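Here's the structure we're looking at; comments come further down.
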Amino acid sequence: MQILKLLRRFVLPYKGMVGLNLLFNFLSTILSLFSFAAIIPVLQILFGINDAQAQWTALTETMSLQETIAALKGNMYFYLQMLIAERGSGFVLFVLGLFLVVMTFFKCLTAWLANYFMVPIRTGVLRDLRLTLYNKVVSLPIGFFTEERKGDVMSRMTNDVNEVEASIMSSLDIIFKDPIMIVVYLCTLFFISWQLTVFVLILLPVAGLLIGRIGRNLKKASTLGQEQTADILTQIEETLGGLRVVKAFNAEHKLRERFAALANTTRRTFNRINRRYYLAHPVSEFLGTVLIAVLLWYGGGLILSERSTIDAATFIYYLVIFYSIINPAKDLSKASYGVRRGIASLERIDVILNAKSNIVEIPNPKPLPAFEHEICYRDVSFAYNKEVPVLSHVNLTIHKGQMVALVGQSGSGKTTMADLLPRFYDVAQGCITIDGVDIRDVRTYDLRALMGNVNQEAILFNDTFYNNITFGVDTTQPAPGGGTWQQAVEAAARIANAHDFIVATPDGYQTSIGDRGSRLSGGQRQRVSIARAILKNPPILILDEATSALDTESEKLVQEALEHLMKDRTTLVVAHRLSTIRNADVICVLHEGQIVEMGRHDDLYALNGYYHKLVEMQNAK
């Protein structure tokens, strides 16, 4: 049942390819029987044709199926006898050998065609699963990733996806390849000698039970293995991200020991999994050989006692077909283990695919026209968990064109207030409105289209300057100002004080900036992110401590770029350095999730309250 669900979920779009694969697998199996059939007359020629069988018989409509088949065999032997008498045994052996070669060629051709049509299924399923998973990850809210480790998410998107792809291929073999071969071969064996086949079928369940015990608990062990792989990826990601700190504190040995412990634990787990997995093949081969030996003893005894319904040559043909069942039976047992591993990985993937976003899009969103009047926080409360509130009953109105700064101690809720505006999170109580429209009643795409973000850490991508600056705009549309996008990008970079250092690079705007902009200084990264916001030209701007991590010289250049960016825009600033927001229209001082003071710099400083203490601590006055 799990196999059918797996295939219906992922393979249904490729049902045409599956049908062709099924057809050519069937043809390959039938042609293999014809190939094996050439063995009987070869043996008969080598050891002498049975004259009792070599009789010409006229076919009639009243003959039973068994009589018709016996007559066809007799006619074939009669024809071979006549051909041997006319052309000699060597010529007949040559013809039979040629027949064997031709049938084997077509058998191999159809087997290749079956795999040929399997390839698009394999690659298509892998692509579809990756796209589905990636699209889901991109659509999930930021809150989901504060609870999930990045390494674990990466493991599910790579290792688990590969396991599911292999499992689906195993499922296709279980349903469309190996069973066809086994059923066709068994039917042929029944036709040749039902007595021998019944004897074999009595022995098969015993072998099946022994093989089935090997796969027990494989799914549980596979889940544990994938979780441990995720732990390894998590430590790798943390090590690369914090390498500067690791070296500064001489902590390499600690990380080596921790990673070695993880690697050894994972090794032991996968030793158990793979040893059990690879045990299936030799066990099934050994049991198949035991069955062959028992069959030789039983069938040979029947032939020697002259109580058998088949002759020695046909018995050898029977053994060849029976031995041909062993390979698909072994593949079937290995595939069943692959399916168990894939099901375990799919359950881990489904944690992401079935994750519910708490940012809910309503069925009929309201239109959100261009921002005209004001943004209002009305009695807003929020908590990342139900026990610890971050914001409590906050009220704030930001008029169009104003620069509003949020200041306060760490943990007071400044960044949270900024994150609630573009709906990275939803308020727990109250509402946020733009021109009187609740932001939960509009499409998040329309809402975020009004906003540009510049964060404390400049988020750049391993791409060119040009592509990073145009990241937030649709370059298939006409460029602003009637020029080209290249001209628009350069204009934005000049405003952001980034043009000079960009053109100084080897390929200018087509120079790759490295992973997360690693080839740039902190100030350069920030100016590129400001250029990106300038090019988007949003009416609402959110600045989250955009200069707090910069040196004095870089801060001056970035602050100058920010002043150009904020001109004639509504700006919400999360400020760490108070000197950067002295000219703000409104400064909101947050303390323990509440706005405790609000006003302009001079007025707040004169109150001798929270803001005064913050300024004094920074020596900003």
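Here, A, B, ... name the chains of the structure tokens in the order displayed, residue numbers run from 1 inside each chain, and ligands are numbered from 1 in the same displayed order.
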
Can you tell me, as JSON, numbers by chain, what residues are no more than 9 Å from Thr266 (chain A) when counting only C-alpha atoms, ignoring any on the same chain fewer than 3 positions away? {"A": [224, 225, 226, 228, 229, 232, 261, 262, 263, 269, 270, 271]}

Please return, as a ChimeraX atom specification, all residues of region 410-571 of chain A that DSSP assigns to alpha helix (DSSP H) on the basis of the backbone. /A:414-420,444-449,465-469,485-495,499-503,522-536,552-566

Using only C-alpha atoms, what does the table of region 497-555 of chain A residues within 12 Å of region 404-423 of chain A look like, with each row giving the shortest atom pair and its distance in Å to one decimal, sorted by chain and ascending number, as JSON lines?
```
{"residue": "A:Ile540", "atom": "CA", "partner": "A:Leu421", "partner_atom": "CA", "distance": 10.1}
{"residue": "A:Leu541", "atom": "CA", "partner": "A:Ala418", "partner_atom": "CA", "distance": 10.1}
{"residue": "A:Ile542", "atom": "CA", "partner": "A:Ala418", "partner_atom": "CA", "distance": 6.9}
{"residue": "A:Leu543", "atom": "CA", "partner": "A:Ala418", "partner_atom": "CA", "distance": 8.4}
{"residue": "A:Asp544", "atom": "CA", "partner": "A:Thr415", "partner_atom": "CA", "distance": 6.8}
{"residue": "A:Glu545", "atom": "CA", "partner": "A:Thr415", "partner_atom": "CA", "distance": 9.0}
{"residue": "A:Ala546", "atom": "CA", "partner": "A:Thr415", "partner_atom": "CA", "distance": 11.9}
```

Save the residues we just selected, N, CA, C and O atoms, as a PDB file, in the first residue's frame?
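That gives us again_26.pdb:
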```
ATOM      1  N   ILE A 540       8.176  52.700   1.077  1.00  0.00           N
ATOM      2  CA  ILE A 540       8.413  52.466   2.506  1.00  0.00           C
ATOM      3  C   ILE A 540       9.762  51.771   2.649  1.00  0.00           C
ATOM      4  O   ILE A 540      10.047  50.789   1.956  1.00  0.00           O
ATOM      5  N   LEU A 541      10.589  52.277   3.559  1.00  0.00           N
ATOM      6  CA  LEU A 541      11.929  51.740   3.734  1.00  0.00           C
ATOM      7  C   LEU A 541      12.104  51.285   5.182  1.00  0.00           C
ATOM      8  O   LEU A 541      11.705  51.974   6.118  1.00  0.00           O
ATOM      9  N   ILE A 542      12.692  50.083   5.358  1.00  0.00           N
ATOM     10  CA  ILE A 542      12.973  49.546   6.687  1.00  0.00           C
ATOM     11  C   ILE A 542      14.482  49.368   6.806  1.00  0.00           C
ATOM     12  O   ILE A 542      15.097  48.620   6.045  1.00  0.00           O
ATOM     13  N   LEU A 543      15.082  50.082   7.762  1.00  0.00           N
ATOM     14  CA  LEU A 543      16.522  49.982   8.003  1.00  0.00           C
ATOM     15  C   LEU A 543      16.737  49.374   9.381  1.00  0.00           C
ATOM     16  O   LEU A 543      16.301  49.939  10.383  1.00  0.00           O
ATOM     17  N   ASP A 544      17.387  48.208   9.408  1.00  0.00           N
ATOM     18  CA  ASP A 544      17.603  47.514  10.682  1.00  0.00           C
ATOM     19  C   ASP A 544      19.086  47.593  11.049  1.00  0.00           C
ATOM     20  O   ASP A 544      19.886  46.761  10.637  1.00  0.00           O
ATOM     21  N   GLU A 545      19.454  48.661  11.804  1.00  0.00           N
ATOM     22  CA  GLU A 545      20.822  48.857  12.276  1.00  0.00           C
ATOM     23  C   GLU A 545      21.814  48.706  11.125  1.00  0.00           C
ATOM     24  O   GLU A 545      22.795  47.958  11.212  1.00  0.00           O
ATOM     25  N   ALA A 546      21.577  49.418  10.063  1.00  0.00           N
ATOM     26  CA  ALA A 546      22.330  49.228   8.823  1.00  0.00           C
ATOM     27  C   ALA A 546      23.781  49.661   8.926  1.00  0.00           C
ATOM     28  O   ALA A 546      24.602  49.282   8.087  1.00  0.00           O
TER      29      ALA A 546
END
```

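Ranking A:Ile398, A:Val589, A:Met157, A:Ile142 by their shortest atom-to-atom distance to Leu233 (chain A), with only C-alpha atoms included, puts A:Met157 first.
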
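Using only C-alpha atoms for every distance, the candidate list A:Glu563, A:Asp507, A:Glu374, A:Asp602 yields A:Glu374 as the residue closest to Gly436 (chain A).
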
Find the residues near Phe117 (chain A): any atom within 9 Å, counting only C-alpha atoms, skip ones fewer than 2 places away on the same chain, and give them as a PyMOL selection string. chain A and resi 17-18+20-21+112-115+119-121

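One finds CA of Asn537 (chain A) at 8.8 Å from CA of Leu450 (chain A).
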
Within 7 Å of Ser28 (chain A), counting only C-alpha atoms, which residues qualify if same-chain residues fewer than 5 places away don't, as a ChimeraX atom specification? /A:107,110-111

Could you check how far CA of Leu614 (chain A) sits from CA of Tyr377 (chain A), in Å to one decimal? 24.3 Å

Non-local contacts of Leu460 (chain A) (9 Å; only C-alpha atoms; under 3 positions in same chain excluded) as a compact mmCIF listing (two decimals) with C-alpha atoms, in the first residue's frame:
```
# COMPACT_ATOMS: atom_id res chain seq x y z
CA ASP A 463 26.40 36.14 -8.10
CA ASN A 468 22.57 41.32 -6.76
CA ILE A 513 31.15 38.82 -5.37
CA ASP A 515 29.65 33.48 -1.24
CA ARG A 516 27.53 36.01 0.69
CA GLY A 517 29.77 38.76 -0.73
CA ARG A 525 28.48 44.82 1.03
CA VAL A 528 25.54 47.09 -2.63
CA SER A 529 22.47 46.20 -0.56
```

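Restricting the calculation to only C-alpha atoms, the smallest distance between Leu368 (chain A) and any of A:Val137, A:Ala344, A:Val427, A:Ile434 is found for A:Ile434.
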
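CA of Cys431 (chain A) is positioned 5.9 Å from CA of Val380 (chain A).
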
Contacts of Pro538 (chain A) at 10 Å or less, counting only C-alpha atoms, minus same-chain residues fewer than 5 places along, as a PDB file with all heavy atoms, in the first residue's frame?
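Generated output (result-v8.pdb):
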```pdb
ATOM      1  N   PHE A 371       0.978  53.603  -1.422  1.00  0.00           N
ATOM      2  CA  PHE A 371       0.957  54.170  -0.075  1.00  0.00           C
ATOM      3  C   PHE A 371       0.769  55.686  -0.149  1.00  0.00           C
ATOM      4  O   PHE A 371       1.529  56.392  -0.804  1.00  0.00           O
ATOM      5  CB  PHE A 371       2.272  53.814   0.625  1.00  0.00           C
ATOM      6  CG  PHE A 371       2.428  54.425   1.978  1.00  0.00           C
ATOM      7  CD1 PHE A 371       1.436  54.313   2.946  1.00  0.00           C
ATOM      8  CD2 PHE A 371       3.578  55.123   2.302  1.00  0.00           C
ATOM      9  CE1 PHE A 371       1.586  54.888   4.190  1.00  0.00           C
ATOM     10  CE2 PHE A 371       3.749  55.695   3.552  1.00  0.00           C
ATOM     11  CZ  PHE A 371       2.752  55.578   4.498  1.00  0.00           C
ATOM     12  N   ARG A 448       4.724  43.548   0.396  1.00  0.00           N
ATOM     13  CA  ARG A 448       6.185  43.646   0.380  1.00  0.00           C
ATOM     14  C   ARG A 448       6.696  44.393  -0.837  1.00  0.00           C
ATOM     15  O   ARG A 448       7.845  44.862  -0.831  1.00  0.00           O
ATOM     16  CB  ARG A 448       6.787  42.246   0.466  1.00  0.00           C
ATOM     17  CG  ARG A 448       6.502  41.593   1.818  1.00  0.00           C
ATOM     18  CD  ARG A 448       6.836  40.120   1.852  1.00  0.00           C
ATOM     19  NE  ARG A 448       6.404  39.527   3.120  1.00  0.00           N
ATOM     20  CZ  ARG A 448       6.390  38.216   3.362  1.00  0.00           C
ATOM     21  NH1 ARG A 448       6.797  37.360   2.426  1.00  0.00           N
ATOM     22  NH2 ARG A 448       5.975  37.765   4.532  1.00  0.00           N
ATOM     23  N   ALA A 449       5.862  44.498  -1.856  1.00  0.00           N
ATOM     24  CA  ALA A 449       6.260  45.285  -3.031  1.00  0.00           C
ATOM     25  C   ALA A 449       6.387  46.765  -2.685  1.00  0.00           C
ATOM     26  O   ALA A 449       7.092  47.513  -3.384  1.00  0.00           O
ATOM     27  CB  ALA A 449       5.251  45.094  -4.158  1.00  0.00           C
ATOM     28  N   LEU A 450       5.734  47.203  -1.605  1.00  0.00           N
ATOM     29  CA  LEU A 450       5.818  48.601  -1.182  1.00  0.00           C
ATOM     30  C   LEU A 450       7.068  48.891  -0.366  1.00  0.00           C
ATOM     31  O   LEU A 450       7.345  50.049  -0.044  1.00  0.00           O
ATOM     32  CB  LEU A 450       4.593  48.970  -0.337  1.00  0.00           C
ATOM     33  CG  LEU A 450       3.223  48.943  -1.016  1.00  0.00           C
ATOM     34  CD1 LEU A 450       2.141  49.253   0.011  1.00  0.00           C
ATOM     35  CD2 LEU A 450       3.176  49.950  -2.151  1.00  0.00           C
ATOM     36  N   MET A 451       7.826  47.853  -0.016  1.00  0.00           N
ATOM     37  CA  MET A 451       8.883  48.035   0.989  1.00  0.00           C
ATOM     38  C   MET A 451      10.244  47.619   0.462  1.00  0.00           C
ATOM     39  O   MET A 451      10.378  46.739  -0.379  1.00  0.00           O
ATOM     40  CB  MET A 451       8.551  47.199   2.238  1.00  0.00           C
ATOM     41  CG  MET A 451       7.221  47.565   2.853  1.00  0.00           C
ATOM     42  SD  MET A 451       6.788  46.500   4.221  1.00  0.00           S
ATOM     43  CE  MET A 451       5.088  47.041   4.491  1.00  0.00           C
ATOM     44  N   GLY A 452      11.263  48.288   0.996  1.00  0.00           N
ATOM     45  CA  GLY A 452      12.645  47.901   0.767  1.00  0.00           C
ATOM     46  C   GLY A 452      13.330  47.714   2.099  1.00  0.00           C
ATOM     47  O   GLY A 452      13.049  48.450   3.057  1.00  0.00           O
ATOM     48  N   ASN A 453      14.219  46.728   2.184  1.00  0.00           N
ATOM     49  CA  ASN A 453      14.893  46.421   3.447  1.00  0.00           C
ATOM     50  C   ASN A 453      16.404  46.551   3.297  1.00  0.00           C
ATOM     51  O   ASN A 453      16.987  46.088   2.318  1.00  0.00           O
ATOM     52  CB  ASN A 453      14.574  44.990   3.905  1.00  0.00           C
ATOM     53  CG  ASN A 453      13.162  44.846   4.427  1.00  0.00           C
ATOM     54  OD1 ASN A 453      12.205  44.940   3.669  1.00  0.00           O
ATOM     55  ND2 ASN A 453      13.035  44.612   5.711  1.00  0.00           N
ATOM     56  N   ALA A 533      18.172  48.402  -2.811  1.00  0.00           N
ATOM     57  CA  ALA A 533      16.956  49.058  -2.318  1.00  0.00           C
ATOM     58  C   ALA A 533      16.640  50.310  -3.133  1.00  0.00           C
ATOM     59  O   ALA A 533      15.472  50.612  -3.409  1.00  0.00           O
ATOM     60  CB  ALA A 533      17.117  49.400  -0.841  1.00  0.00           C
ATOM     61  N   LEU A 565      18.991  57.480   0.041  1.00  0.00           N
ATOM     62  CA  LEU A 565      17.924  56.483  -0.073  1.00  0.00           C
ATOM     63  C   LEU A 565      16.663  56.927   0.668  1.00  0.00           C
ATOM     64  O   LEU A 565      15.539  56.730   0.178  1.00  0.00           O
ATOM     65  CB  LEU A 565      18.423  55.144   0.497  1.00  0.00           C
ATOM     66  CG  LEU A 565      17.410  53.979   0.547  1.00  0.00           C
ATOM     67  CD1 LEU A 565      16.921  53.634  -0.845  1.00  0.00           C
ATOM     68  CD2 LEU A 565      18.065  52.760   1.199  1.00  0.00           C
ATOM     69  N   ARG A 569      11.074  59.392   1.345  1.00  0.00           N
ATOM     70  CA  ARG A 569      10.479  58.081   1.632  1.00  0.00           C
ATOM     71  C   ARG A 569      10.023  58.034   3.085  1.00  0.00           C
ATOM     72  O   ARG A 569      10.536  58.750   3.950  1.00  0.00           O
ATOM     73  CB  ARG A 569      11.484  56.943   1.400  1.00  0.00           C
ATOM     74  CG  ARG A 569      11.993  56.834  -0.016  1.00  0.00           C
ATOM     75  CD  ARG A 569      12.954  55.646  -0.129  1.00  0.00           C
ATOM     76  NE  ARG A 569      13.828  55.808  -1.279  1.00  0.00           N
ATOM     77  CZ  ARG A 569      13.500  55.515  -2.518  1.00  0.00           C
ATOM     78  NH1 ARG A 569      12.286  55.025  -2.757  1.00  0.00           N
ATOM     79  NH2 ARG A 569      14.339  55.703  -3.517  1.00  0.00           N
ATOM     80  N   THR A 570       9.077  57.141   3.326  1.00  0.00           N
ATOM     81  CA  THR A 570       8.668  56.832   4.698  1.00  0.00           C
ATOM     82  C   THR A 570       9.626  55.770   5.217  1.00  0.00           C
ATOM     83  O   THR A 570       9.746  54.685   4.629  1.00  0.00           O
ATOM     84  CB  THR A 570       7.229  56.310   4.728  1.00  0.00           C
ATOM     85  OG1 THR A 570       6.368  57.260   4.101  1.00  0.00           O
ATOM     86  CG2 THR A 570       6.778  56.045   6.153  1.00  0.00           C
TER      87      THR A 570
END
```
